[in-house]
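Q: File entry_23.pdb below, PDB, C-alpha atoms:
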```pdb
MODEL        1
ATOM      1  CA  MET T   1     -26.444  -3.802   4.474
ATOM      2  CA  LYS T   2     -24.111  -6.299   2.829
ATOM      3  CA  LEU T   3     -20.633  -7.101   4.122
ATOM      4  CA  PHE T   4     -17.866  -9.695   3.892
ATOM      5  CA  LYS T   5     -16.445 -11.438   6.947
ATOM      6  CA  ILE T   6     -14.006 -14.249   7.646
ATOM      7  CA  SER T   7     -15.898 -17.256   8.979
ATOM      8  CA  ASN T   8     -14.469 -20.760   9.396
ATOM      9  CA  GLY T   9     -11.315 -19.593   7.630
ATOM     10  CA  LYS T  10     -13.166 -18.381   4.529
ATOM     11  CA  LEU T  11     -14.338 -15.018   3.256
ATOM     12  CA  GLN T  12     -18.137 -15.039   3.178
ATOM     13  CA  VAL T  13     -20.840 -12.538   2.344
ATOM     14  CA  THR T  14     -23.633 -11.768   4.814
ATOM     15  CA  THR T  15     -26.122  -9.023   5.689
ATOM     16  CA  THR T  16     -26.788  -6.980   8.807
ATOM     17  CA  GLN T  17     -28.273  -3.677   9.959
ATOM     18  CA  ILE T  18     -26.503  -0.379   9.310
ATOM     19  CA  PRO T  19     -24.573   0.248  12.551
ATOM     20  CA  GLU T  20     -25.263   3.082  14.987
ATOM     21  CA  ILE T  21     -22.570   5.614  15.859
ATOM     22  CA  LYS T  22     -21.051   6.822  19.119
ATOM     23  CA  PRO T  23     -20.326  10.528  19.797
ATOM     24  CA  ASN T  24     -16.758  10.317  18.397
ATOM     25  CA  GLU T  25     -17.631   8.158  15.383
ATOM     26  CA  VAL T  26     -18.540   8.684  11.745
ATOM     27  CA  LEU T  27     -20.838   6.619   9.507
ATOM     28  CA  VAL T  28     -19.457   6.302   5.977
ATOM     29  CA  LYS T  29     -21.150   4.945   2.850
ATOM     30  CA  ILE T  30     -18.333   3.043   1.165
ATOM     31  CA  LYS T  31     -17.966   3.816  -2.534
ATOM     32  CA  ALA T  32     -14.744   1.975  -3.375
ATOM     33  CA  ILE T  33     -12.294  -0.488  -1.822
ATOM     34  CA  SER T  34      -8.708  -1.287  -2.795
ATOM     35  CA  LEU T  35      -7.028  -4.598  -2.022
ATOM     36  CA  ASN T  36      -3.556  -5.173  -0.599
ATOM     37  CA  TYR T  37      -1.480  -8.326  -0.154
ATOM     38  CA  ARG T  38      -2.079  -7.867   3.585
ATOM     39  CA  ASP T  39      -5.764  -8.649   2.956
ATOM     40  CA  ILE T  40      -4.768 -12.082   1.664
ATOM     41  CA  LEU T  41      -2.625 -12.688   4.744
ATOM     42  CA  VAL T  42      -5.542 -11.758   7.001
ATOM     43  CA  THR T  43      -8.202 -13.762   5.182
ATOM     44  CA  GLU T  44      -5.935 -16.816   5.057
ATOM     45  CA  GLY T  45      -4.971 -16.436   8.719
ATOM     46  CA  SER T  46      -1.231 -16.216   8.122
ATOM     47  CA  GLY T  47       0.973 -15.755  11.179
ATOM     48  CA  LYS T  48       0.467 -12.547  13.115
ATOM     49  CA  TRP T  49      -2.281 -11.530  10.689
ATOM     50  CA  LYS T  50      -4.585 -14.365  11.811
ATOM     51  CA  PRO T  51      -7.917 -12.691  12.683
ATOM     52  CA  THR T  52     -10.596 -13.568  15.196
ATOM     53  CA  GLU T  53     -13.709 -15.345  13.942
ATOM     54  CA  ASN T  54     -16.126 -13.201  11.904
ATOM     55  CA  ARG T  55     -13.570 -10.462  11.324
ATOM     56  CA  ILE T  56     -14.466  -7.959   8.588
ATOM     57  CA  PRO T  57     -11.240  -7.585   6.544
ATOM     58  CA  GLY T  58      -9.890  -4.736   4.454
ATOM     59  CA  SER T  59      -8.133  -1.480   5.313
ATOM     60  CA  ASP T  60      -8.375   0.743   2.232
ATOM     61  CA  ALA T  61     -11.624   2.425   1.262
ATOM     62  CA  ALA T  62     -13.105   5.697   0.099
ATOM     63  CA  GLY T  63     -16.629   6.871   0.673
ATOM     64  CA  LYS T  64     -19.029   9.621   1.658
ATOM     65  CA  VAL T  65     -19.863  10.691   5.198
ATOM     66  CA  VAL T  66     -23.498   9.943   6.023
ATOM     67  CA  ARG T  67     -23.666  10.839   9.717
ATOM     68  CA  VAL T  68     -21.317  12.223  12.389
ATOM     69  CA  GLY T  69     -21.317  11.904  16.173
ATOM     70  CA  ASN T  70     -21.921  15.012  18.283
ATOM     71  CA  THR T  71     -18.245  15.366  19.309
ATOM     72  CA  VAL T  72     -16.839  15.004  15.774
ATOM     73  CA  THR T  73     -15.232  18.232  14.537
ATOM     74  CA  LYS T  74     -13.242  17.294  11.414
ATOM     75  CA  PHE T  75     -16.048  15.976   9.222
ATOM     76  CA  LYS T  76     -19.600  16.780   8.197
ATOM     77  CA  GLU T  77     -22.287  15.002   6.231
ATOM     78  CA  GLY T  78     -21.356  14.803   2.540
ATOM     79  CA  ASP T  79     -17.567  14.876   2.976
ATOM     80  CA  ASN T  80     -15.531  12.518   0.799
ATOM     81  CA  VAL T  81     -13.063  10.538   2.903
ATOM     82  CA  THR T  82     -10.625   7.644   2.918
ATOM     83  CA  SER T  83      -9.877   5.267   5.743
ATOM     84  CA  LEU T  84      -6.551   5.257   7.621
ATOM     85  CA  ILE T  85      -5.077   1.831   8.367
ATOM     86  CA  LEU T  86      -3.270   2.933  11.555
ATOM     87  CA  PRO T  87      -5.568   5.450  13.281
ATOM     88  CA  ASN T  88      -3.446   5.441  16.451
ATOM     89  CA  TRP T  89      -0.322   6.597  14.580
ATOM     90  CA  GLU T  90      -1.232  10.229  14.175
ATOM     91  CA  THR T  91       2.252  11.764  14.360
ATOM     92  CA  GLY T  92       5.776  11.165  15.587
ATOM     93  CA  GLN T  93       7.813   7.980  15.588
ATOM     94  CA  LEU T  94       6.260   4.537  15.423
ATOM     95  CA  ASN T  95       5.812   2.435  18.560
ATOM     96  CA  ALA T  96       3.883  -0.692  19.529
ATOM     97  CA  ASN T  97       0.839   1.199  20.800
ATOM     98  CA  LYS T  98       0.468   3.061  17.518
ATOM     99  CA  LEU T  99       0.188  -0.272  15.679
ATOM    100  CA  LYS T 100      -2.792  -1.384  17.742
ATOM    101  CA  GLU T 101      -6.300  -1.496  16.247
ATOM    102  CA  SER T 102      -5.138  -1.438  12.637
ATOM    103  CA  LEU T 103      -8.148  -1.637  10.322
ATOM    104  CA  GLY T 104      -9.064  -5.082   9.036
ATOM    105  CA  GLY T 105      -6.276  -6.785  10.951
ATOM    106  CA  SER T 106      -6.108  -9.270  13.781
ATOM    107  CA  ASP T 107      -7.791  -7.038  16.375
ATOM    108  CA  ARG T 108     -10.198  -4.663  14.588
ATOM    109  CA  ASP T 109     -12.830  -4.902  11.866
ATOM    110  CA  GLY T 110     -12.087  -3.361   8.512
ATOM    111  CA  ILE T 111     -13.977  -1.698   5.693
ATOM    112  CA  MET T 112     -15.335  -4.498   3.512
ATOM    113  CA  ALA T 113     -18.966  -3.463   3.934
ATOM    114  CA  GLU T 114     -21.501  -1.151   2.332
ATOM    115  CA  TYR T 115     -21.508   1.070   5.437
ATOM    116  CA  VAL T 116     -18.712   1.426   7.996
ATOM    117  CA  VAL T 117     -18.541   3.179  11.358
ATOM    118  CA  LEU T 118     -15.072   4.477  12.252
ATOM    119  CA  PRO T 119     -13.643   6.837  14.870
ATOM    120  CA  GLU T 120     -12.905  10.320  13.633
ATOM    121  CA  LYS T 121      -9.151   9.726  13.720
ATOM    122  CA  ALA T 122      -9.467   6.755  11.309
ATOM    123  CA  LEU T 123     -10.612   8.974   8.422
ATOM    124  CA  HIS T 124      -9.108  11.666   6.212
ATOM    125  CA  LYS T 125     -10.494  13.891   3.449
ATOM    126  CA  PHE T 126      -8.978  13.464  -0.012
ATOM    127  CA  PRO T 127      -8.393  15.861  -2.952
ATOM    128  CA  ASN T 128     -11.377  16.522  -5.189
ATOM    129  CA  TYR T 129      -9.544  15.640  -8.408
ATOM    130  CA  LEU T 130      -9.424  11.967  -7.379
ATOM    131  CA  SER T 131     -12.269   9.522  -7.976
ATOM    132  CA  PHE T 132     -13.447   7.263  -5.142
ATOM    133  CA  GLU T 133     -11.690   4.334  -6.847
ATOM    134  CA  GLU T 134      -8.430   6.261  -7.026
ATOM    135  CA  ALA T 135      -8.652   7.593  -3.480
ATOM    136  CA  ALA T 136      -9.250   4.103  -2.082
ATOM    137  CA  THR T 137      -5.773   3.045  -3.265
ATOM    138  CA  LEU T 138      -3.982   5.597  -1.079
ATOM    139  CA  PRO T 139      -4.092   4.489   2.604
ATOM    140  CA  VAL T 140      -1.595   1.601   2.338
ATOM    141  CA  ALA T 141       0.167   1.388  -1.036
ATOM    142  CA  ALA T 142       0.622   5.104  -1.680
ATOM    143  CA  LEU T 143       1.507   5.931   1.924
ATOM    144  CA  THR T 144       4.001   3.056   2.125
ATOM    145  CA  ALA T 145       5.676   4.305  -1.050
ATOM    146  CA  TRP T 146       5.701   7.878   0.270
ATOM    147  CA  ASN T 147       7.245   6.769   3.564
ATOM    148  CA  SER T 148       9.909   4.779   1.692
ATOM    149  CA  VAL T 149      10.814   7.279  -0.999
ATOM    150  CA  VAL T 150      10.296  10.564   0.861
ATOM    151  CA  GLU T 151      10.039  10.301   4.650
ATOM    152  CA  GLN T 152      12.705   7.643   5.269
ATOM    153  CA  SER T 153      14.934   8.206   2.247
ATOM    154  CA  ASN T 154      18.175  10.177   2.155
ATOM    155  CA  LEU T 155      18.455  10.135  -1.641
ATOM    156  CA  LYS T 156      19.391  13.282  -3.513
ATOM    157  CA  LEU T 157      18.585  14.585  -6.980
ATOM    158  CA  GLY T 158      20.065  12.224  -9.574
ATOM    159  CA  ASP T 159      20.520   9.254  -7.213
ATOM    160  CA  THR T 160      19.414   5.819  -8.408
ATOM    161  CA  ILE T 161      16.545   3.811  -6.959
ATOM    162  CA  LEU T 162      15.627   0.207  -7.817
ATOM    163  CA  LEU T 163      11.957  -0.790  -7.677
ATOM    164  CA  ILE T 164      11.092  -4.480  -7.496
ATOM    165  CA  GLY T 165       7.980  -5.408  -9.468
ATOM    166  CA  THR T 166       5.070  -3.373 -10.788
ATOM    167  CA  GLY T 167       2.475  -3.747  -8.043
ATOM    168  CA  GLY T 168       0.763  -0.907  -6.222
ATOM    169  CA  VAL T 169       3.603   0.164  -3.922
ATOM    170  CA  SER T 170       6.226  -0.060  -6.672
ATOM    171  CA  LEU T 171       4.234   2.074  -9.118
ATOM    172  CA  PHE T 172       3.484   4.724  -6.498
ATOM    173  CA  ALA T 173       7.203   4.683  -5.674
ATOM    174  CA  LEU T 174       7.944   5.162  -9.385
ATOM    175  CA  GLN T 175       5.658   8.185  -9.617
ATOM    176  CA  LEU T 176       7.142   9.742  -6.469
ATOM    177  CA  ALA T 177      10.745   8.978  -7.430
ATOM    178  CA  LYS T 178      10.175  10.669 -10.775
ATOM    179  CA  LEU T 179       8.919  13.801  -9.003
ATOM    180  CA  ALA T 180      11.954  13.756  -6.701
ATOM    181  CA  GLY T 181      14.340  13.611  -9.650
ATOM    182  CA  TYR T 182      15.734  10.139  -9.009
ATOM    183  CA  ARG T 183      17.025   7.780 -11.676
ATOM    184  CA  VAL T 184      14.617   4.825 -11.681
ATOM    185  CA  ILE T 185      15.317   1.164 -12.487
ATOM    186  CA  ILE T 186      12.299  -1.145 -12.286
ATOM    187  CA  THR T 187      11.900  -4.914 -12.689
ATOM    188  CA  SER T 188       9.083  -7.163 -13.855
ATOM    189  CA  SER T 189       8.528 -10.546 -15.478
ATOM    190  CA  SER T 190       6.382  -8.899 -18.168
ATOM    191  CA  ASP T 191       7.690  -6.791 -21.058
ATOM    192  CA  LYS T 192       4.225  -5.288 -21.449
ATOM    193  CA  LYS T 193       4.265  -4.048 -17.858
ATOM    194  CA  LEU T 194       7.770  -2.689 -18.333
ATOM    195  CA  GLN T 195       6.629  -0.734 -21.360
ATOM    196  CA  LYS T 196       3.919   0.861 -19.215
ATOM    197  CA  ALA T 197       6.481   1.568 -16.498
ATOM    198  CA  THR T 198       8.616   3.384 -19.050
ATOM    199  CA  ALA T 199       5.620   5.505 -20.006
ATOM    200  CA  LEU T 200       5.220   6.375 -16.311
ATOM    201  CA  GLY T 201       8.799   7.622 -16.159
ATOM    202  CA  ALA T 202      11.129   4.671 -15.477
ATOM    203  CA  HIS T 203      14.600   5.253 -16.957
ATOM    204  CA  HIS T 204      15.653   1.595 -17.144
ATOM    205  CA  THR T 205      13.662  -1.637 -17.107
ATOM    206  CA  ILE T 206      14.737  -5.237 -16.507
ATOM    207  CA  ASN T 207      12.745  -8.388 -17.192
ATOM    208  CA  TYR T 208      14.007 -10.641 -14.412
ATOM    209  CA  LYS T 209      12.474 -13.706 -16.034
ATOM    210  CA  THR T 210      14.229 -13.365 -19.395
ATOM    211  CA  THR T 211      17.412 -11.668 -18.183
ATOM    212  CA  LYS T 212      19.821 -14.183 -16.730
ATOM    213  CA  ASN T 213      21.521 -12.790 -13.614
ATOM    214  CA  TRP T 214      19.338  -9.687 -13.611
ATOM    215  CA  THR T 215      21.187  -8.361 -10.572
ATOM    216  CA  LYS T 216      24.329  -8.068 -12.735
ATOM    217  CA  GLU T 217      22.306  -5.972 -15.169
ATOM    218  CA  VAL T 218      21.534  -3.578 -12.299
ATOM    219  CA  LEU T 219      25.239  -3.314 -11.539
ATOM    220  CA  LYS T 220      25.998  -2.747 -15.207
ATOM    221  CA  LEU T 221      23.548   0.152 -15.275
ATOM    222  CA  THR T 222      25.293   1.702 -12.276
ATOM    223  CA  ASN T 223      28.924   1.218 -13.395
ATOM    224  CA  ASN T 224      29.217  -1.641 -10.877
ATOM    225  CA  LYS T 225      28.567   0.707  -7.949
ATOM    226  CA  GLY T 226      25.023  -0.457  -7.179
ATOM    227  CA  VAL T 227      21.897   1.567  -6.556
ATOM    228  CA  ASP T 228      21.424   4.039  -3.720
ATOM    229  CA  GLN T 229      18.131   2.509  -2.579
ATOM    230  CA  VAL T 230      16.053  -0.601  -3.250
ATOM    231  CA  ILE T 231      12.295  -0.775  -2.645
ATOM    232  CA  ASP T 232      11.848  -4.497  -1.948
ATOM    233  CA  VAL T 233       8.216  -5.638  -1.868
ATOM    234  CA  VAL T 234       9.106  -9.345  -1.940
ATOM    235  CA  GLY T 235      10.924  -9.925   1.337
ATOM    236  CA  GLY T 236      12.092 -13.379   2.437
ATOM    237  CA  SER T 237      15.197 -14.675   0.679
ATOM    238  CA  HIS T 238      14.802 -12.021  -2.018
ATOM    239  CA  ILE T 239      16.556  -9.596   0.323
ATOM    240  CA  SER T 240      19.819 -11.306  -0.654
ATOM    241  CA  GLN T 241      19.235 -10.368  -4.297
ATOM    242  CA  SER T 242      18.527  -6.783  -3.273
ATOM    243  CA  LEU T 243      21.810  -6.817  -1.351
ATOM    244  CA  GLN T 244      23.625  -7.699  -4.582
ATOM    245  CA  CYS T 245      22.135  -4.594  -6.204
ATOM    246  CA  VAL T 246      22.598  -1.973  -3.495
ATOM    247  CA  LYS T 247      25.757   0.135  -3.256
ATOM    248  CA  SER T 248      28.035   0.297  -0.240
ATOM    249  CA  GLU T 249      26.212   2.145   2.554
ATOM    250  CA  GLY T 250      23.036   2.023   0.485
ATOM    251  CA  THR T 251      19.516   1.331   1.776
ATOM    252  CA  ILE T 252      17.081  -1.529   1.224
ATOM    253  CA  SER T 253      13.546  -0.508   2.138
ATOM    254  CA  MET T 254      11.648  -3.679   3.021
ATOM    255  CA  VAL T 255       7.962  -3.056   2.415
ATOM    256  CA  GLY T 256       6.485  -6.468   1.629
ATOM    257  CA  VAL T 257       6.479 -10.164   2.491
ATOM    258  CA  ILE T 258       5.237 -11.747  -0.740
ATOM    259  CA  ASP T 259       8.024 -14.339  -0.479
ATOM    260  CA  GLY T 260       7.294 -14.977   3.187
ATOM    261  CA  THR T 261       8.284 -13.586   6.572
ATOM    262  CA  SER T 262      11.538 -15.523   6.790
ATOM    263  CA  GLY T 263      14.310 -16.565   4.423
ATOM    264  CA  VAL T 264      18.017 -17.077   3.831
ATOM    265  CA  ILE T 265      19.763 -13.685   3.906
ATOM    266  CA  ASP T 266      23.415 -13.042   3.080
ATOM    267  CA  THR T 267      24.400 -11.325   6.330
ATOM    268  CA  GLY T 268      28.031 -11.195   5.232
ATOM    269  CA  THR T 269      27.120  -8.839   2.399
ATOM    270  CA  ILE T 270      25.160  -6.643   4.803
ATOM    271  CA  MET T 271      28.328  -6.255   6.847
ATOM    272  CA  MET T 272      30.784  -5.882   3.948
ATOM    273  CA  LYS T 273      28.639  -3.265   2.216
ATOM    274  CA  ALA T 274      27.610  -1.588   5.475
ATOM    275  CA  ALA T 275      24.126  -1.798   3.975
ATOM    276  CA  ARG T 276      21.079  -0.497   5.798
ATOM    277  CA  ILE T 277      17.907  -2.591   5.786
ATOM    278  CA  GLN T 278      14.973  -0.378   6.721
ATOM    279  CA  GLY T 279      11.605  -1.909   7.532
ATOM    280  CA  ILE T 280       8.695   0.277   6.406
ATOM    281  CA  GLU T 281       5.279   0.179   8.118
ATOM    282  CA  THR T 282       2.837   2.272   6.044
ATOM    283  CA  GLY T 283       2.911   5.681   7.765
ATOM    284  CA  SER T 284       1.301   8.162  10.133
ATOM    285  CA  THR T 285      -1.643  10.509   9.620
ATOM    286  CA  GLU T 286       0.852  13.374   9.456
ATOM    287  CA  MET T 287       2.714  11.610   6.622
ATOM    288  CA  TYR T 288      -0.586  10.919   4.869
ATOM    289  CA  ASN T 289      -1.435  14.608   5.002
ATOM    290  CA  ASN T 290       1.994  15.515   3.588
ATOM    291  CA  MET T 291       1.545  12.966   0.809
ATOM    292  CA  LEU T 292      -1.900  14.282  -0.143
ATOM    293  CA  ARG T 293      -0.509  17.807  -0.481
ATOM    294  CA  ALA T 294       2.075  16.505  -2.951
ATOM    295  CA  PHE T 295      -0.542  14.502  -4.825
ATOM    296  CA  GLN T 296      -2.783  17.573  -5.036
ATOM    297  CA  LEU T 297       0.040  19.808  -6.272
ATOM    298  CA  HIS T 298       1.098  17.410  -9.054
ATOM    299  CA  GLU T 299      -2.304  15.757  -9.618
ATOM    300  CA  ILE T 300      -0.861  12.262  -9.360
ATOM    301  CA  HIS T 301      -3.299   9.583 -10.513
ATOM    302  CA  PRO T 302      -2.981   6.037  -9.130
ATOM    303  CA  VAL T 303      -2.619   3.165 -11.581
ATOM    304  CA  ILE T 304      -5.593   0.797 -11.293
ATOM    305  CA  ASP T 305      -5.246  -2.520 -13.095
ATOM    306  CA  LYS T 306      -8.766  -3.887 -12.736
ATOM    307  CA  THR T 307     -12.012  -3.028 -10.960
ATOM    308  CA  PHE T 308     -14.555  -5.529  -9.621
ATOM    309  CA  ALA T 309     -18.131  -5.158  -8.390
ATOM    310  CA  PHE T 310     -18.683  -5.624  -4.636
ATOM    311  CA  ASP T 311     -20.582  -8.862  -5.316
ATOM    312  CA  ASP T 312     -17.453 -10.149  -7.063
ATOM    313  CA  THR T 313     -15.134  -9.558  -4.103
ATOM    314  CA  LEU T 314     -14.058 -13.215  -3.979
ATOM    315  CA  GLU T 315     -13.004 -12.995  -7.611
ATOM    316  CA  ALA T 316     -11.070  -9.811  -6.824
ATOM    317  CA  PHE T 317      -9.138 -11.635  -4.084
ATOM    318  CA  ALA T 318      -8.398 -14.532  -6.446
ATOM    319  CA  TYR T 319      -7.155 -12.110  -9.107
ATOM    320  CA  LEU T 320      -4.891 -10.338  -6.621
ATOM    321  CA  LYS T 321      -3.423 -13.617  -5.422
ATOM    322  CA  LYS T 322      -2.405 -14.561  -8.981
ATOM    323  CA  ALA T 323      -0.072 -11.520  -8.905
ATOM    324  CA  LYS T 324      -0.637 -10.747 -12.588
ATOM    325  CA  HIS T 325      -1.864  -7.209 -11.950
ATOM    326  CA  MET T 326      -0.029  -3.948 -12.551
ATOM    327  CA  GLY T 327      -0.837  -1.310  -9.976
ATOM    328  CA  LYS T 328      -3.926  -1.707  -7.827
ATOM    329  CA  VAL T 329      -6.967  -4.012  -7.752
ATOM    330  CA  SER T 330     -10.152  -2.170  -6.818
ATOM    331  CA  ILE T 331     -13.764  -2.891  -5.880
ATOM    332  CA  THR T 332     -16.677  -0.524  -6.478
ATOM    333  CA  LEU T 333     -19.916  -0.319  -4.563
TER     334      LEU T 333
ENDMDL
END
```
Rewrite the coordinates I just gave you, this time as structure tokens.
A:
Amino acid sequence: MKLFKISNGKLQVTTTQIPEIKPNEVLVKIKAISLNYRDILVTEGSGKWKPTENRIPGSDAAGKVVRVGNTVTKFKEGDNVTSLILPNWETGQLNANKLKESLGGSDRDGIMAEYVVLPEKALHKFPNYLSFEEAATLPVAALTAWNSVVEQSNLKLGDTILLIGTGGVSLFALQLAKLAGYRVIITSSSDKKLQKATALGAHHTINYKTTKNWTKEVLKLTNNKGVDQVIDVVGGSHISQSLQCVKSEGTISMVGVIDGTSGVIDTGTIMMKAARIQGIETGSTEMYNNMLRAFQLHEIHPVIDKTFAFDDTLEAFAYLKKAKHMGKVSITL
């Protein structure tokens, strides 16, 4: 079988035998993969995401079960499944042990292969209305948005939420916020993307590249009160801009580190506004199950910007890194 691994600091293609399974494991034929910014951090060896040599990257995939171990009870041959990035976080509150062995990270191989063997708890069935390409987008981006907008949010019907950018997490957050009855403001540097966001249900759009002092525009839209919640996928010093937009006692959900893992943050504004900065780490299997029930009920379809062939995986990574996409970048096998 063909797979991609990180060797000498570079993502390289190679071949190997289809792996055998243990009693508690499942062999899956991968049909689709979805990329996340985390995959760039891993492949480039950034900070805590630096992998061991020959690590297979990637966390998000959908495929078909080929074989199951003799102690597996949740799956059978022919089932359609997605991966779960944090198989140890099945339920309850997050702790350090539940973060261990995350797929495609620093300490466990991921899914960027034609066949993958995973423990039973690292897989989940998905609704039949979704294609493999759509289902592959769910384990990180959709679950992170669900955790931010539903599980960790105290917003009520009619409250205002600000979404930064039009990447995968932000667009899932838009779709979920619309279902929850929130007033949605979304930003982008592209008018074309903002037009699409409006079609998806955004109430107000702001081009932060052409609008001078775009944070003041957010305040204008909220009668200078600020928004109830910000979904910040940028991180770093951008948190200070989110602080300008959030209302007193509002929440900033920090879900990304595109601008880096450190930055200059206006701590005085945090104090004066009594603002809450909430870090979001994807979610548990229980949350994933809750999310899939909502997706099934409303038949939510992920937004996929572009799809690449498995042989073009390097090009898919390069396209993702340019940050010109809207929604998700996918790979088909």
Q: Do a neighbour search on Gln244 of chain T at 10 Å with all atoms listed in the file, toss out local chain neighbours closer than 6 positions, and write the hits as a ChimeraX atom specification.
A: /T:215-216,218-219,226-227,266,269-270,273
Q: Write out the residues from the selection above, keeping C-alpha atoms, as a compact mmCIF listing (two decimals), in the coordinates of the input.
A:
```txt
# COMPACT_ATOMS: atom_id res chain seq x y z
CA THR T 215 21.19 -8.36 -10.57
CA LYS T 216 24.33 -8.07 -12.74
CA VAL T 218 21.53 -3.58 -12.30
CA LEU T 219 25.24 -3.31 -11.54
CA GLY T 226 25.02 -0.46 -7.18
CA VAL T 227 21.90 1.57 -6.56
CA ASP T 266 23.42 -13.04 3.08
CA THR T 269 27.12 -8.84 2.40
CA ILE T 270 25.16 -6.64 4.80
CA LYS T 273 28.64 -3.26 2.22
```
Q: On this file, the PyMOL selection byres ((chain T and resi 123) around 8) gives some set of residues; write that set as a list of chain:residue names.
A: T:Val81, T:Thr82, T:Ser83, T:Leu84, T:Pro87, T:Leu118, T:Pro119, T:Glu120, T:Lys121, T:Ala122, T:His124, T:Lys125
Q: With a distance cut-off of 12 Å and only C-alpha atoms, select the neighbouring residues of Tyr129 of chain T, excluding the residue or stretch itself and same-chain residues fewer than 5 positions from it, and output the selection as an MDAnalysis selection string.
A: chainID T and resid 80 134:135 292 295:302
Q: So how far away is atom CA of Lys76 of chain T from atom CA of Gly58 of chain T, in Å?
A: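 Separation of atom CA of Gly58 of chain T and atom CA of Lys76 of chain T: 23.9 Å.
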Q: Between atom CA of Ile111 of chain T and atom CA of Arg67 of chain T, what is the spacing in Å?
A: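 Separating atom CA of Arg67 of chain T from atom CA of Ile111 of chain T is a distance of 16.3 Å.
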Q: Please report the interatomic distance between atom CA of Leu143 of chain T and atom CA of Lys328 of chain T in Å with one decimal.
A: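 According to the coordinates, atom CA of Leu143 of chain T and atom CA of Lys328 of chain T are separated by 13.5 Å.
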Q: Using all atoms listed in the file, which residue out of T:Asp228, T:Val169, T:Tyr115, T:Arg108 lies closest to Ala145 of chain T?
A: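 The closest residue to Ala145 of chain T is T:Val169.
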Q: Nearest to Thr261 of chain T among T:Met287, T:Leu243, T:Val233, T:Leu179, with distances taken over all atoms listed in the file: which residue is it?
A: T:Val233
Q: Quick one: axis-aligned box around all listed atoms of segment 59-67 of chain T, 6 Å on every side, centre and edge lengths in Å to one decimal, written as AutoDock Vina command-line options.
A:
```
--center_x -15.9 --center_y 4.7 --center_z 4.9 --size_x 27.5 --size_y 24.3 --size_z 21.6
```
Q: Taking 4 positions as the minimum chain separation for residues in the same chain, which residues sit within 9 Å of Ile85 of chain T when counting only C-alpha atoms? Answer as a PyMOL selection string.
A: chain T and resi 59-60+101-104+110+122+139-140+282-283
Q: Can you list, as a ChimeraX atom specification, the residues that the PyMOL selection byres ((chain T and resi 252) around 9) selects here?
A: /T:228-232,239,242-243,246,250-251,253-254,275-279
Q: Considering only C-alpha atoms, return as a ChimeraX atom specification whatever protein or nucleic-acid residues lie within 7 Å of segment 36-46 of chain T, sequence-local ones (same chain, fewer than 6 positions apart) excluded.
A: /T:6,9-11,57-58,105
Q: Once you have the residues from the selection above, write them out as a PDB file, in the frame of the given file, restricted to C-alpha atoms.
A:
```pdb
ATOM      1  CA  ILE T   6     -14.006 -14.249   7.646  1.00  0.00           C
ATOM      2  CA  GLY T   9     -11.315 -19.593   7.630  1.00  0.00           C
ATOM      3  CA  LYS T  10     -13.166 -18.381   4.529  1.00  0.00           C
ATOM      4  CA  LEU T  11     -14.338 -15.018   3.256  1.00  0.00           C
ATOM      5  CA  PRO T  57     -11.240  -7.585   6.544  1.00  0.00           C
ATOM      6  CA  GLY T  58      -9.890  -4.736   4.454  1.00  0.00           C
ATOM      7  CA  GLY T 105      -6.276  -6.785  10.951  1.00  0.00           C
TER       8      GLY T 105
END
```
Q: Taking the point (-17.2, -8.3, -6.4) as given in the file, collect each protein or nucleic acid residue that comes within 12 Å of it, counting only C-alpha atoms, and present the set as a CSV table (one decimal) with C-alpha atoms, in the frame of the given file.
A:
```
chain,number,residue,atom,x,y,z
T,2,LYS,CA,-24.1,-6.3,2.8
T,3,LEU,CA,-20.6,-7.1,4.1
T,4,PHE,CA,-17.9,-9.7,3.9
T,12,GLN,CA,-18.1,-15.0,3.2
T,13,VAL,CA,-20.8,-12.5,2.3
T,32,ALA,CA,-14.7,2.0,-3.4
T,33,ILE,CA,-12.3,-0.5,-1.8
T,34,SER,CA,-8.7,-1.3,-2.8
T,35,LEU,CA,-7.0,-4.6,-2.0
T,112,MET,CA,-15.3,-4.5,3.5
T,113,ALA,CA,-19.0,-3.5,3.9
T,306,LYS,CA,-8.8,-3.9,-12.7
T,307,THR,CA,-12.0,-3.0,-11.0
T,308,PHE,CA,-14.6,-5.5,-9.6
T,309,ALA,CA,-18.1,-5.2,-8.4
T,310,PHE,CA,-18.7,-5.6,-4.6
T,311,ASP,CA,-20.6,-8.9,-5.3
T,312,ASP,CA,-17.5,-10.1,-7.1
T,313,THR,CA,-15.1,-9.6,-4.1
T,314,LEU,CA,-14.1,-13.2,-4.0
T,315,GLU,CA,-13.0,-13.0,-7.6
T,316,ALA,CA,-11.1,-9.8,-6.8
T,317,PHE,CA,-9.1,-11.6,-4.1
T,318,ALA,CA,-8.4,-14.5,-6.4
T,319,TYR,CA,-7.2,-12.1,-9.1
T,329,VAL,CA,-7.0,-4.0,-7.8
T,330,SER,CA,-10.2,-2.2,-6.8
T,331,ILE,CA,-13.8,-2.9,-5.9
T,332,THR,CA,-16.7,-0.5,-6.5
T,333,LEU,CA,-19.9,-0.3,-4.6
```
Q: Under the rule that only C-alpha atoms are counted, which of T:Ala323, T:Ile164, T:Ile56, T:Leu176 is the nearest residue to Glu151 of chain T?
A: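 For Glu151 of chain T, the nearest of the candidates is T:Leu176.
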Q: Which is closer to Met326 of chain T than all the others in T:Thr187, T:Gln152, T:Thr144, T:Gln17, using all atoms listed in the file?
A: T:Thr187
Q: Please write as a list in words the full residue list that the PyMOL selection byres ((chain T and resi 285) around 7) yields on this file.
A: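 Here the PyMOL selection byres ((chain T and resi 285) around 7) matches Trp89, Glu90, Thr91, Gly283, Ser284, Glu286, Met287, Tyr288 and Asn289 of chain T.
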